[in-house]
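Containing compact mmCIF, C-alpha atoms: start_13.txt.
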```txt
# COMPACT_ATOMS: atom_id res chain seq x y z
CA MET C 1 34.28 -8.64 18.56
CA MET C 2 34.17 -5.42 20.59
CA ARG C 3 36.62 -3.77 18.21
CA THR C 4 34.49 -4.70 15.19
CA PHE C 5 31.35 -3.44 16.89
CA PHE C 6 33.10 -0.16 17.78
CA ILE C 7 34.25 0.38 14.18
CA CYS C 8 30.79 -0.39 12.80
CA SER C 9 29.26 2.05 15.28
CA LEU C 10 31.65 4.81 14.22
CA LEU C 11 30.96 4.12 10.56
CA SER C 12 27.19 4.21 11.16
CA LEU C 13 27.54 7.55 13.02
CA PHE C 14 29.69 8.98 10.22
CA ILE C 15 27.12 8.04 7.57
CA HIS C 16 24.32 9.59 9.61
CA ILE C 17 26.21 12.87 10.11
CA SER C 18 27.23 13.05 6.45
CA CYS C 19 23.67 12.49 5.23
CA THR C 20 22.36 15.14 7.62
CA ALA C 21 24.90 17.69 6.46
CA ASN C 22 24.42 17.08 2.75
CA HIS C 23 20.60 16.85 2.60
CA LYS C 24 18.84 19.85 4.09
CA GLY C 25 15.51 19.05 2.47
CA ASN C 26 12.79 16.79 3.76
CA THR C 27 14.62 13.54 3.07
CA ASP C 28 17.24 12.52 5.61
CA LEU C 29 18.50 8.99 5.64
CA ALA C 30 19.52 7.69 9.03
CA PHE C 31 21.16 4.29 8.99
CA GLN C 32 21.26 1.99 11.95
CA LYS C 33 22.25 -1.61 12.58
CA GLU C 34 19.46 -3.83 13.83
CA LYS C 35 20.03 -7.52 14.37
CA THR C 36 21.32 -8.91 11.04
CA HIS C 37 19.74 -6.24 8.81
CA GLU C 38 20.93 -2.74 7.96
CA ILE C 39 17.83 -0.63 7.59
CA HIS C 40 17.11 3.02 6.98
CA THR C 41 14.27 5.31 7.88
CA THR C 42 13.22 8.36 5.92
CA LYS C 43 12.48 11.66 7.60
CA THR C 44 8.97 12.76 6.69
CA ASP C 45 7.63 16.17 5.83
CA PRO C 46 6.26 17.54 9.16
CA ASN C 47 3.04 18.41 7.34
CA THR C 48 2.50 14.76 6.35
CA LYS C 49 1.10 11.86 8.36
CA ASN C 50 1.81 8.37 7.09
CA ILE C 51 -0.36 5.28 7.11
CA GLN C 52 2.07 2.38 6.75
CA VAL C 53 0.50 -1.03 6.19
CA ALA C 54 2.51 -4.23 5.84
CA LEU C 55 0.42 -7.15 4.50
CA LEU C 56 1.84 -10.58 5.34
CA LEU C 57 -0.14 -13.15 3.36
CA ASP C 58 0.04 -16.91 3.69
CA THR C 59 0.44 -18.35 0.17
CA SER C 60 0.40 -22.04 1.08
CA ASN C 61 -1.89 -24.43 -0.82
CA SER C 62 -5.01 -23.75 1.25
CA MET C 63 -4.88 -19.96 0.84
CA ASP C 64 -6.19 -19.44 -2.69
CA GLY C 65 -9.36 -17.91 -1.26
CA LEU C 66 -7.39 -15.43 0.85
CA ILE C 67 -5.35 -14.25 -2.13
CA ASP C 68 -8.53 -13.91 -4.19
CA GLN C 69 -10.08 -11.74 -1.48
CA ALA C 70 -6.97 -9.54 -1.40
CA LYS C 71 -7.11 -9.06 -5.18
CA ALA C 72 -10.85 -8.44 -5.21
CA GLN C 73 -10.97 -6.06 -2.25
CA LEU C 74 -7.78 -4.01 -2.71
CA TRP C 75 -9.46 -1.02 -4.28
CA GLU C 76 -12.33 -0.77 -1.80
CA ILE C 77 -9.72 -0.80 0.99
CA VAL C 78 -7.73 1.98 -0.70
CA ASN C 79 -10.91 3.98 -1.29
CA GLU C 80 -11.90 3.82 2.36
CA LEU C 81 -8.39 4.81 3.46
CA SER C 82 -8.46 7.78 1.07
CA TYR C 83 -11.06 9.41 3.33
CA ALA C 84 -8.54 9.57 6.20
CA ARG C 85 -8.06 12.96 7.82
CA CYS C 86 -5.63 14.14 10.50
CA GLY C 87 -6.04 17.84 11.19
CA ASN C 88 -4.45 19.88 8.40
CA HIS C 89 -1.86 17.23 7.59
CA ASN C 90 -1.45 15.60 4.21
CA ILE C 91 -2.04 11.84 4.36
CA LYS C 92 0.33 9.43 2.62
CA LEU C 93 -0.50 5.74 2.22
CA GLN C 94 2.33 3.20 1.93
CA ILE C 95 1.68 -0.51 1.48
CA ALA C 96 4.25 -3.32 1.70
CA LEU C 97 3.60 -6.92 0.74
CA TYR C 98 5.13 -10.20 1.97
CA GLU C 99 4.23 -13.78 1.19
CA TYR C 100 5.09 -16.67 3.47
CA GLY C 101 4.37 -20.38 3.91
CA ASN C 102 5.04 -21.26 0.29
CA ASP C 103 7.37 -24.19 -0.42
CA GLY C 104 8.44 -22.45 -3.61
CA LEU C 105 10.20 -19.80 -1.51
CA PRO C 106 13.80 -20.19 -0.23
CA SER C 107 13.94 -22.43 2.85
CA GLY C 108 17.00 -20.52 4.05
CA GLU C 109 14.84 -17.40 4.32
CA GLY C 110 12.16 -19.24 6.26
CA PHE C 111 9.87 -19.64 3.22
CA ILE C 112 9.40 -15.85 3.17
CA ARG C 113 9.61 -13.31 0.35
CA GLN C 114 9.37 -9.56 0.36
CA VAL C 115 7.13 -9.04 -2.64
CA LEU C 116 7.18 -5.25 -2.38
CA PRO C 117 8.72 -2.80 0.11
CA PHE C 118 6.68 0.19 1.28
CA SER C 119 5.24 1.70 -1.89
CA GLU C 120 2.80 4.42 -2.90
CA ASP C 121 2.56 2.96 -6.42
CA LEU C 122 -0.94 1.47 -6.36
CA ASP C 123 -0.59 -0.04 -9.83
CA GLU C 124 2.54 -1.90 -8.78
CA ILE C 125 0.85 -3.17 -5.61
CA SER C 126 -2.03 -4.49 -7.71
CA LYS C 127 0.37 -6.05 -10.23
CA GLN C 128 2.27 -7.92 -7.51
CA LEU C 129 -0.92 -9.12 -5.82
CA PHE C 130 -2.18 -10.59 -9.08
CA ALA C 131 1.15 -12.36 -9.60
CA LEU C 132 0.91 -14.31 -6.31
CA THR C 133 0.44 -18.07 -6.50
CA THR C 134 0.01 -20.71 -3.80
CA ASN C 135 2.11 -23.78 -3.08
CA GLY C 136 3.24 -25.81 -0.07
CA GLY C 137 4.11 -25.08 2.85
CA ASN C 138 5.62 -24.15 6.18
CA GLU C 139 4.04 -21.09 7.79
CA TYR C 140 6.35 -19.27 10.19
CA CYS C 141 4.41 -16.32 11.61
CA GLY C 142 7.04 -15.10 14.06
CA LYS C 143 9.70 -15.22 11.36
CA VAL C 144 7.76 -13.20 8.77
CA ILE C 145 6.77 -10.58 11.37
CA ASN C 146 10.39 -10.27 12.49
CA THR C 147 11.57 -9.98 8.89
CA SER C 148 9.07 -7.24 8.02
CA ILE C 149 10.02 -5.23 11.10
CA ASN C 150 13.72 -5.36 10.24
CA GLN C 151 13.53 -4.89 6.47
CA LEU C 152 10.92 -2.16 5.99
CA ASP C 153 11.47 1.60 6.30
CA TRP C 154 9.18 2.21 9.26
CA LYS C 155 8.76 5.80 10.37
CA LYS C 156 10.42 6.50 13.71
CA ASN C 157 7.93 9.13 14.85
CA ASN C 158 5.08 7.57 16.81
CA ASP C 159 2.55 10.03 15.36
CA HIS C 160 2.37 7.89 12.21
CA LEU C 161 0.06 4.88 11.89
CA LYS C 162 2.28 1.79 11.58
CA LEU C 163 0.43 -1.50 11.12
CA ILE C 164 1.18 -5.13 10.34
CA PHE C 165 -1.61 -7.40 9.12
CA ILE C 166 -0.79 -11.10 9.04
CA ALA C 167 -3.27 -13.62 7.64
CA GLY C 168 -3.05 -17.41 7.66
CA ASN C 169 -4.49 -20.62 9.08
CA GLU C 170 -1.70 -22.59 10.78
CA PRO C 171 -0.65 -22.29 14.47
CA PHE C 172 0.97 -18.95 15.23
CA THR C 173 3.68 -20.75 17.17
CA GLN C 174 5.43 -22.44 14.23
CA GLY C 175 8.93 -21.60 13.03
CA PRO C 176 12.36 -20.59 14.36
CA VAL C 177 11.32 -17.16 15.74
CA ASN C 178 9.08 -17.02 18.80
CA TYR C 179 6.03 -14.91 17.96
CA LYS C 180 6.19 -13.35 21.45
CA ASP C 181 9.68 -11.98 20.76
CA ALA C 182 8.63 -10.64 17.35
CA ALA C 183 5.52 -8.99 18.81
CA THR C 184 7.48 -7.47 21.70
CA ASP C 185 9.92 -5.98 19.18
CA ALA C 186 6.98 -4.51 17.24
CA LEU C 187 5.51 -3.03 20.43
CA GLU C 188 8.80 -1.29 21.25
CA LYS C 189 8.77 0.33 17.79
CA ASP C 190 5.10 1.38 18.06
CA ILE C 191 4.08 -1.05 15.31
CA THR C 192 0.71 -2.68 15.86
CA ILE C 193 0.19 -6.30 14.80
CA ASN C 194 -3.28 -7.31 13.66
CA THR C 195 -3.93 -11.00 13.08
CA ILE C 196 -6.48 -12.50 10.69
CA PHE C 197 -7.11 -16.19 11.18
CA CYS C 198 -8.59 -17.94 8.17
CA GLY C 199 -10.95 -20.33 9.86
CA ASN C 200 -12.92 -20.85 13.07
CA TYR C 201 -12.74 -17.99 15.59
CA ARG C 202 -12.15 -20.29 18.57
CA GLN C 203 -9.48 -22.26 16.75
CA GLY C 204 -7.58 -19.05 16.03
CA ILE C 205 -7.58 -18.25 19.73
CA ASP C 206 -6.39 -21.74 20.65
CA THR C 207 -3.52 -21.54 18.16
CA MET C 208 -2.32 -18.18 19.56
CA TRP C 209 -3.40 -15.84 16.77
CA LYS C 210 -5.29 -13.66 19.22
CA HIS C 211 -2.38 -13.56 21.67
CA GLY C 212 -0.07 -12.46 18.84
CA ALA C 213 -2.29 -9.40 18.34
CA ASP C 214 -2.91 -8.79 22.05
CA ILE C 215 0.79 -8.19 22.79
CA THR C 216 0.78 -5.02 20.65
CA HIS C 217 -2.85 -4.11 21.49
CA GLY C 218 -3.86 -5.03 17.96
CA GLU C 219 -7.05 -6.62 16.63
CA TYR C 220 -7.71 -10.33 16.18
CA SER C 221 -10.32 -11.45 13.70
CA ALA C 222 -11.37 -14.67 12.00
CA ILE C 223 -12.68 -14.80 8.44
CA ASP C 224 -13.98 -17.37 6.02
CA HIS C 225 -11.31 -16.95 3.37
CA ASN C 226 -13.11 -19.23 0.92
CA VAL C 227 -16.16 -17.00 0.59
CA GLN C 228 -16.21 -15.24 -2.76
CA THR C 229 -16.26 -11.46 -2.59
CA VAL C 230 -19.68 -10.03 -3.43
CA HIS C 231 -19.45 -6.86 -5.52
CA ILE C 232 -22.62 -4.79 -5.51
CA ALA C 233 -23.46 -3.26 -8.89
CA THR C 234 -24.96 0.24 -8.79
CA PRO C 235 -26.82 2.46 -11.28
CA TYR C 236 -23.72 4.71 -11.47
CA ASP C 237 -21.17 2.09 -12.55
CA ASP C 238 -21.44 2.44 -16.33
CA VAL C 239 -20.91 6.19 -16.23
CA ILE C 240 -17.94 5.85 -13.88
CA LEU C 241 -16.30 3.31 -16.20
CA GLN C 242 -16.80 5.67 -19.15
CA LEU C 243 -15.10 8.38 -17.11
CA ASN C 244 -12.23 5.97 -16.41
CA ASN C 245 -11.51 5.78 -20.15
CA GLN C 246 -11.46 9.57 -20.29
CA LEU C 247 -9.21 9.68 -17.22
CA ASN C 248 -6.69 7.34 -18.82
CA ASP C 249 -6.42 9.67 -21.81
CA THR C 250 -5.10 12.45 -19.55
CA TYR C 251 -1.89 10.56 -18.73
CA ILE C 252 1.27 11.70 -20.53
CA TYR C 253 4.10 9.24 -20.06
CA TYR C 254 7.75 10.26 -20.00
CA GLY C 255 11.09 8.74 -19.08
CA GLN C 256 12.63 5.40 -19.97
CA SER C 257 9.97 3.41 -18.10
CA GLY C 258 7.03 5.69 -18.92
CA ALA C 259 5.49 3.66 -21.74
CA ARG C 260 5.82 0.45 -19.73
CA LYS C 261 4.22 1.98 -16.64
CA ARG C 262 1.31 3.27 -18.68
CA MET C 263 0.84 -0.29 -19.95
CA VAL C 264 0.86 -1.53 -16.34
CA GLN C 265 -1.90 0.98 -15.56
CA ARG C 266 -4.08 -0.46 -18.32
CA GLU C 267 -3.28 -4.04 -17.27
CA GLN C 268 -4.43 -3.34 -13.71
CA ASP C 269 -7.68 -1.92 -15.06
CA LYS C 270 -8.20 -5.29 -16.77
CA ASN C 271 -7.21 -7.24 -13.64
CA ALA C 272 -9.76 -5.37 -11.56
CA ALA C 273 -12.43 -5.96 -14.20
CA SER C 274 -11.63 -9.68 -14.24
CA TYR C 275 -13.47 -9.97 -10.89
CA SER C 276 -16.43 -7.83 -11.89
CA ALA C 277 -17.40 -4.51 -13.42
CA ALA C 278 -18.10 -3.26 -9.89
CA ASN C 279 -14.52 -4.02 -8.89
CA ALA C 280 -13.28 -2.08 -11.93
CA VAL C 281 -15.41 0.79 -10.66
CA SER C 282 -13.72 0.57 -7.26
CA ARG C 283 -10.34 0.88 -8.95
CA THR C 284 -11.57 3.92 -10.90
CA ILE C 285 -12.59 5.56 -7.63
CA SER C 286 -9.07 4.94 -6.31
CA LYS C 287 -7.61 6.55 -9.43
CA SER C 288 -9.61 9.69 -8.69
CA SER C 289 -8.25 9.93 -5.12
CA GLY C 290 -5.22 11.74 -3.74
CA PHE C 291 -3.46 8.41 -3.13
CA TYR C 292 -3.15 7.64 -6.83
CA LYS C 293 -0.06 9.56 -7.97
CA ASN C 294 2.40 8.59 -10.71
CA LYS C 295 4.94 11.38 -10.86
CA SER C 296 7.73 8.95 -11.77
CA TRP C 297 6.22 8.43 -15.24
CA ASP C 298 3.30 10.84 -15.74
CA LEU C 299 4.01 14.48 -16.64
CA ILE C 300 0.77 15.74 -15.08
CA ASP C 301 1.59 14.38 -11.62
CA ALA C 302 5.29 15.23 -12.01
CA ALA C 303 4.51 18.87 -12.84
CA GLU C 304 2.77 19.29 -9.47
CA ASP C 305 6.19 18.98 -7.80
CA GLU C 306 7.81 22.40 -7.47
CA SER C 307 11.25 20.87 -8.07
CA PHE C 308 10.23 19.39 -11.44
CA GLU C 309 11.80 21.01 -14.51
CA ILE C 310 10.17 20.36 -17.88
CA GLU C 311 13.47 21.33 -19.53
CA GLU C 312 15.07 18.20 -18.09
CA VAL C 313 12.65 15.86 -19.86
CA VAL C 314 14.34 14.05 -22.77
CA LYS C 315 12.23 14.46 -25.92
CA ASP C 316 13.01 10.94 -27.09
CA ASP C 317 11.27 9.64 -23.94
CA LEU C 318 7.98 11.37 -24.78
CA PRO C 319 5.04 10.02 -26.82
CA LYS C 320 5.54 10.42 -30.59
CA GLU C 321 2.95 13.19 -30.93
CA LEU C 322 4.76 15.35 -28.36
CA LYS C 323 8.37 14.96 -29.47
CA GLU C 324 8.32 18.01 -31.77
CA LYS C 325 6.51 20.38 -29.41
CA SER C 326 8.42 23.31 -27.97
CA LYS C 327 8.80 23.62 -24.20
CA ALA C 328 6.13 26.33 -24.13
CA GLU C 329 3.74 24.16 -26.16
CA LEU C 330 4.44 21.18 -23.91
CA LYS C 331 3.72 23.22 -20.78
CA GLN C 332 0.44 24.39 -22.28
CA HIS C 333 -0.48 20.80 -23.18
CA ILE C 334 0.26 19.65 -19.62
CA ALA C 335 -1.86 22.47 -18.16
CA GLU C 336 -4.83 21.55 -20.39
CA LYS C 337 -4.58 17.84 -19.54
CA SER C 338 -4.24 18.63 -15.84
CA LYS C 339 -7.40 20.75 -15.87
CA LYS C 340 -9.29 18.03 -17.72
CA ARG C 341 -8.12 15.36 -15.27
CA LYS C 342 -9.27 17.33 -12.25
CA GLU C 343 -12.69 17.83 -13.82
CA ILE C 344 -13.02 14.10 -14.53
CA GLN C 345 -11.87 13.14 -11.05
CA GLN C 346 -14.37 15.53 -9.52
CA LYS C 347 -17.20 13.95 -11.53
CA ILE C 348 -16.10 10.48 -10.40
CA GLN C 349 -16.02 11.55 -6.75
CA GLU C 350 -19.50 13.07 -6.98
CA LEU C 351 -20.90 9.89 -8.52
CA ASN C 352 -19.10 7.82 -5.91
CA LYS C 353 -20.96 9.53 -3.08
CA LYS C 354 -24.22 8.29 -4.59
CA ARG C 355 -22.63 4.89 -5.23
CA VAL C 356 -21.52 4.52 -1.60
CA ASP C 357 -24.99 5.33 -0.31
CA TYR C 358 -26.50 2.76 -2.68
CA ILE C 359 -24.05 0.06 -1.51
CA LYS C 360 -24.71 0.79 2.17
CA ASN C 361 -28.42 0.31 1.61
CA ASN C 362 -27.97 -2.96 -0.28
CA ARG C 363 -25.09 -4.68 1.55
CA GLN C 364 -25.72 -7.71 3.71
CA LYS C 365 -24.93 -7.13 7.36
CA GLY C 366 -22.44 -9.24 9.27
CA GLU C 367 -19.99 -9.81 6.40
CA SER C 368 -16.70 -11.30 7.56
CA ASN C 369 -13.93 -10.87 5.01
CA LEU C 370 -10.43 -9.49 4.58
CA GLU C 371 -11.64 -6.00 3.72
CA GLN C 372 -13.75 -5.64 6.86
CA ALA C 373 -11.01 -7.06 9.09
CA LEU C 374 -8.45 -4.61 7.71
CA LEU C 375 -10.65 -1.52 7.78
CA ASN C 376 -12.09 -2.13 11.24
CA ALA C 377 -8.58 -2.40 12.71
CA ILE C 378 -7.13 0.54 10.77
CA LYS C 379 -9.93 2.90 11.76
CA LYS C 380 -9.89 1.88 15.42
CA GLN C 381 -6.13 2.22 15.72
CA GLY C 382 -6.08 5.35 13.56
CA GLU C 383 -8.40 7.13 15.98
CA GLN C 384 -5.78 6.63 18.67
CA LYS C 385 -3.35 8.63 16.48
CA SER C 386 -5.90 11.43 15.84
CA PHE C 387 -6.94 10.09 12.41
CA SER C 388 -10.59 10.26 11.40
CA TRP C 389 -12.54 9.02 8.39
CA LYS C 390 -15.00 11.26 6.59
CA GLN C 391 -16.20 11.30 3.02
```
Whole structure given in C-alpha cells:
Amino acid sequence: MMRTFFICSLLSLFIHISCTANHKGNTDLAFQKEKTHEIHTTKTDPNTKNIQVALLLDTSNSMDGLIDQAKAQLWEIVNELSYARCGNHNIKLQIALYEYGNDGLPSGEGFIRQVLPFSEDLDEISKQLFALTTNGGNEYCGKVINTSINQLDWKKNNDHLKLIFIAGNEPFTQGPVNYKDAATDALEKDITINTIFCGNYRQGIDTMWKHGADITHGEYSAIDHNVQTVHIATPYDDVILQLNNQLNDTYIYYGQSGARKRMVQREQDKNAASYSAANAVSRTISKSSGFYKNKSWDLIDAAEDESFEIEEVVKDDLPKELKEKSKAELKQHIAEKSKKRKEIQQKIQELNKKRVDYIKNNRQKGESNLEQALLNAIKKQGEQKSFSWKQ
C-alpha cells in the first residue's frame, strides 16, 4: 500500500512539473489525488475574479415546483450577477449543475448525476435545466455535496467566490456521507454551502438544513417551491424582444458544431419565452451582458481573442453565404457585425435600466423564491471577498 501511494505521488508530481514547464500561459493544470477522485484545478488570469456556483437540485417527485423556479428565474439571476464588480478585475461566472434524489439515477452513485461541470456557456446551462425531470427518490445531501467538491474544478485561490447551493425537502442527514464531514471539507477549501429548504422554515431547521449551512458560515433559507414565478411585464419589453431578433442576426457560426450551437441559442430563446414574454426579455438582457460569450462557435466573440487566427477557420464550416469570401472580406464582415452587435447590446442595456426601475416599483415585497435565496446569499458572501453589485 505504501509503495503504491509513493508511486502515485511521484507520478502526480511529475505531471504537475511537466504541465508547468510546457504551458507558460494563463492555463496551468495541477493534478492532485483527493479521496477516490482525480481532479484538476485551472490557474486563473490574475486580472480575473471568478464566481463559481454549483447548483445541487433535488429532482425527486415532489420537486417539480423547484425545477420550474430554476428554469423561470435563471436569467434574472444571471442578470443580477452580471452587475458584479471587484476593483479593476474582470468577472467570470461559472455555473455547475447536479441533480440528486431521483430514482432514475444510478443507485451506485448515490442517486446523483453531474448534469454539467463548471461552464460559462449560458445556453448549455439553460438547455440542461430544461431537460431535467423528476422521479423517485432517495435524497442524500451529504453525498451530493461531497461529490461536487471532489469532481468540480474549484479555484484554489481564496480570493474567488466559491459557492454551493443545495435545495431539497428531505432531512439533511440522509445517505451514506455525513453532512458534517462534507461541510467540514468544504470549509477547508473555502467553499461556502448555502442551503435552501423547500418547505416550512422551522422544519428545515429541525431537519438540519440550517446546520449544514452554518458549518461553512453560509446562508439558510426556506422557500415555497410550489409558488409559480411572477414575471412583471414592462412597457419596454416589446422593443427589447425586437432587439433580440436583431442581436441574433449578428451571430456568425463556424466550426463543426457551429450550426448546432446556433440552433441551441434559438431553442433557449423559445424555452425562456415558454414561461412568459417577460422571461424572454430577461434572457435577452443576459445576452447583452459580458457573461454571454460564445467564442467556441461564434466568429464575433472568437475574434476578440488575440490568439484567434481567421486563417485557421475552415471555409466548409462557415455559413453558405460566407464560404466564397476572401479572408480580407471575412474580416471586414466580422468587424461590421461586431460593431452592430455592440450597438444593439448598448440599446438593450439602456432600456433595461428603465425596465429594472419599473419592476422595483411594481414588485410585491416579501417574495420568497429560489432567485431571492440565491441572490441574497451571493451578494452577502461576495461582499466578504470585495465584490460589489452596481448597475
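Going from CA of Leu161 (chain C) to CA of Arg202 (chain C) covers 28.8 Å.
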Per-residue nearest contacts region 102-124 of chain C to region 77-86 of chain C, cut-off 12 Å, using only C-alpha atoms, as JSON lines:
```
{"residue": "C:Glu120", "atom": "CA", "partner": "C:Val78", "partner_atom": "CA", "distance": 11.0}
{"residue": "C:Asp121", "atom": "CA", "partner": "C:Val78", "partner_atom": "CA", "distance": 11.8}
{"residue": "C:Leu122", "atom": "CA", "partner": "C:Val78", "partner_atom": "CA", "distance": 8.9}
{"residue": "C:Asp123", "atom": "CA", "partner": "C:Val78", "partner_atom": "CA", "distance": 11.8}
```
Selected residues, C-alpha atoms, written as a short mmCIF file (atom, residue, chain, number, x, y, z; two decimals), keeping the file's coordinate frame, please.
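Contents of out37.cif, as written:
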```
data_model
loop_
_atom_site.label_atom_id
_atom_site.label_comp_id
_atom_site.auth_asym_id
_atom_site.auth_seq_id
_atom_site.Cartn_x
_atom_site.Cartn_y
_atom_site.Cartn_z
CA GLU C 120 2.80 4.42 -2.90
CA ASP C 121 2.56 2.96 -6.42
CA LEU C 122 -0.94 1.47 -6.36
CA ASP C 123 -0.59 -0.04 -9.83
#
```
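Atom pair CA of Ser274 (chain C) / CA of Leu116 (chain C): separated by 22.7 Å.
Of note, CA of Glu124 (chain C) and CA of Gly110 (chain C) are spaced 24.9 Å apart.
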Shell around Glu309 (chain C) at 12 Å using all atoms listed in the file, local window under 4 positions removed, as an MDAnalysis selection string: chainID C and resid 299 302:305 313:314 327 330:331
Tyr98 (chain C) environment, 12 Å, all atoms listed in the file, sequence neighbours closer than 6 positions dropped, as a PyMOL selection string: chain C and resi 53-59+67+105+111-118+125+128-129+132+141+143-149+151-152+164-167
So that I have them on file, write out the residues from the current selection with C-alpha atoms, as a PDB file, in the coordinates of the input.
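This is the output file selection06.pdb:
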```
ATOM      1  CA  VAL C  53       0.500  -1.030   6.190  1.00  0.00           C
ATOM      2  CA  ALA C  54       2.510  -4.230   5.840  1.00  0.00           C
ATOM      3  CA  LEU C  55       0.420  -7.150   4.500  1.00  0.00           C
ATOM      4  CA  LEU C  56       1.840 -10.580   5.340  1.00  0.00           C
ATOM      5  CA  LEU C  57      -0.140 -13.150   3.360  1.00  0.00           C
ATOM      6  CA  ASP C  58       0.040 -16.910   3.690  1.00  0.00           C
ATOM      7  CA  THR C  59       0.440 -18.350   0.170  1.00  0.00           C
ATOM      8  CA  ILE C  67      -5.350 -14.250  -2.130  1.00  0.00           C
ATOM      9  CA  LEU C 105      10.200 -19.800  -1.510  1.00  0.00           C
ATOM     10  CA  PHE C 111       9.870 -19.640   3.220  1.00  0.00           C
ATOM     11  CA  ILE C 112       9.400 -15.850   3.170  1.00  0.00           C
ATOM     12  CA  ARG C 113       9.610 -13.310   0.350  1.00  0.00           C
ATOM     13  CA  GLN C 114       9.370  -9.560   0.360  1.00  0.00           C
ATOM     14  CA  VAL C 115       7.130  -9.040  -2.640  1.00  0.00           C
ATOM     15  CA  LEU C 116       7.180  -5.250  -2.380  1.00  0.00           C
ATOM     16  CA  PRO C 117       8.720  -2.800   0.110  1.00  0.00           C
ATOM     17  CA  PHE C 118       6.680   0.190   1.280  1.00  0.00           C
ATOM     18  CA  ILE C 125       0.850  -3.170  -5.610  1.00  0.00           C
ATOM     19  CA  GLN C 128       2.270  -7.920  -7.510  1.00  0.00           C
ATOM     20  CA  LEU C 129      -0.920  -9.120  -5.820  1.00  0.00           C
ATOM     21  CA  LEU C 132       0.910 -14.310  -6.310  1.00  0.00           C
ATOM     22  CA  CYS C 141       4.410 -16.320  11.610  1.00  0.00           C
ATOM     23  CA  LYS C 143       9.700 -15.220  11.360  1.00  0.00           C
ATOM     24  CA  VAL C 144       7.760 -13.200   8.770  1.00  0.00           C
ATOM     25  CA  ILE C 145       6.770 -10.580  11.370  1.00  0.00           C
ATOM     26  CA  ASN C 146      10.390 -10.270  12.490  1.00  0.00           C
ATOM     27  CA  THR C 147      11.570  -9.980   8.890  1.00  0.00           C
ATOM     28  CA  SER C 148       9.070  -7.240   8.020  1.00  0.00           C
ATOM     29  CA  ILE C 149      10.020  -5.230  11.100  1.00  0.00           C
ATOM     30  CA  GLN C 151      13.530  -4.890   6.470  1.00  0.00           C
ATOM     31  CA  LEU C 152      10.920  -2.160   5.990  1.00  0.00           C
ATOM     32  CA  ILE C 164       1.180  -5.130  10.340  1.00  0.00           C
ATOM     33  CA  PHE C 165      -1.610  -7.400   9.120  1.00  0.00           C
ATOM     34  CA  ILE C 166      -0.790 -11.100   9.040  1.00  0.00           C
ATOM     35  CA  ALA C 167      -3.270 -13.620   7.640  1.00  0.00           C
TER      36      ALA C 167
END
```
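Minimum atom-to-atom distance to Lys180 (chain C), evaluated using only C-alpha atoms, belongs to C:Asp214 out of C:Glu324, C:Asp317, C:Asp214, C:Glu336.
Closest approach to Thr229 (chain C) among C:Gly175, C:Gly65, C:Gly204, C:Gly212 is made by C:Gly65 (distances from only C-alpha atoms).
For the residues C:Ile205, C:Val230, C:Leu97, C:Ala186, ranking by smallest atom-to-atom distance to Phe172 (chain C) using only C-alpha atoms places C:Ile205 first.
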Counting all atoms listed in the file, the residue of C:Glu99, C:Leu351, C:Phe197, C:Ile252 that sits nearest His333 (chain C): C:Ile252
Contact residues around region 233-235 of chain C with only C-alpha atoms at 7 Å, ignoring same-chain residues under 5 positions, as a ChimeraX atom specification: /C:278,355,358
Distance query region 370-386 of chain C at most 9 Å, only C-alpha atoms, self and fewer than 5 positions along chain excluded, as a PyMOL selection string: chain C and resi 51+66+69-70+73-74+76-77+80-81+84-87+158-161+163+165+167+192+194+196+218-225
Residue nearest Ser338 (chain C) among C:Thr250, C:Gln242, C:Ser288, C:Asn90 (counting all atoms listed in the file): C:Thr250
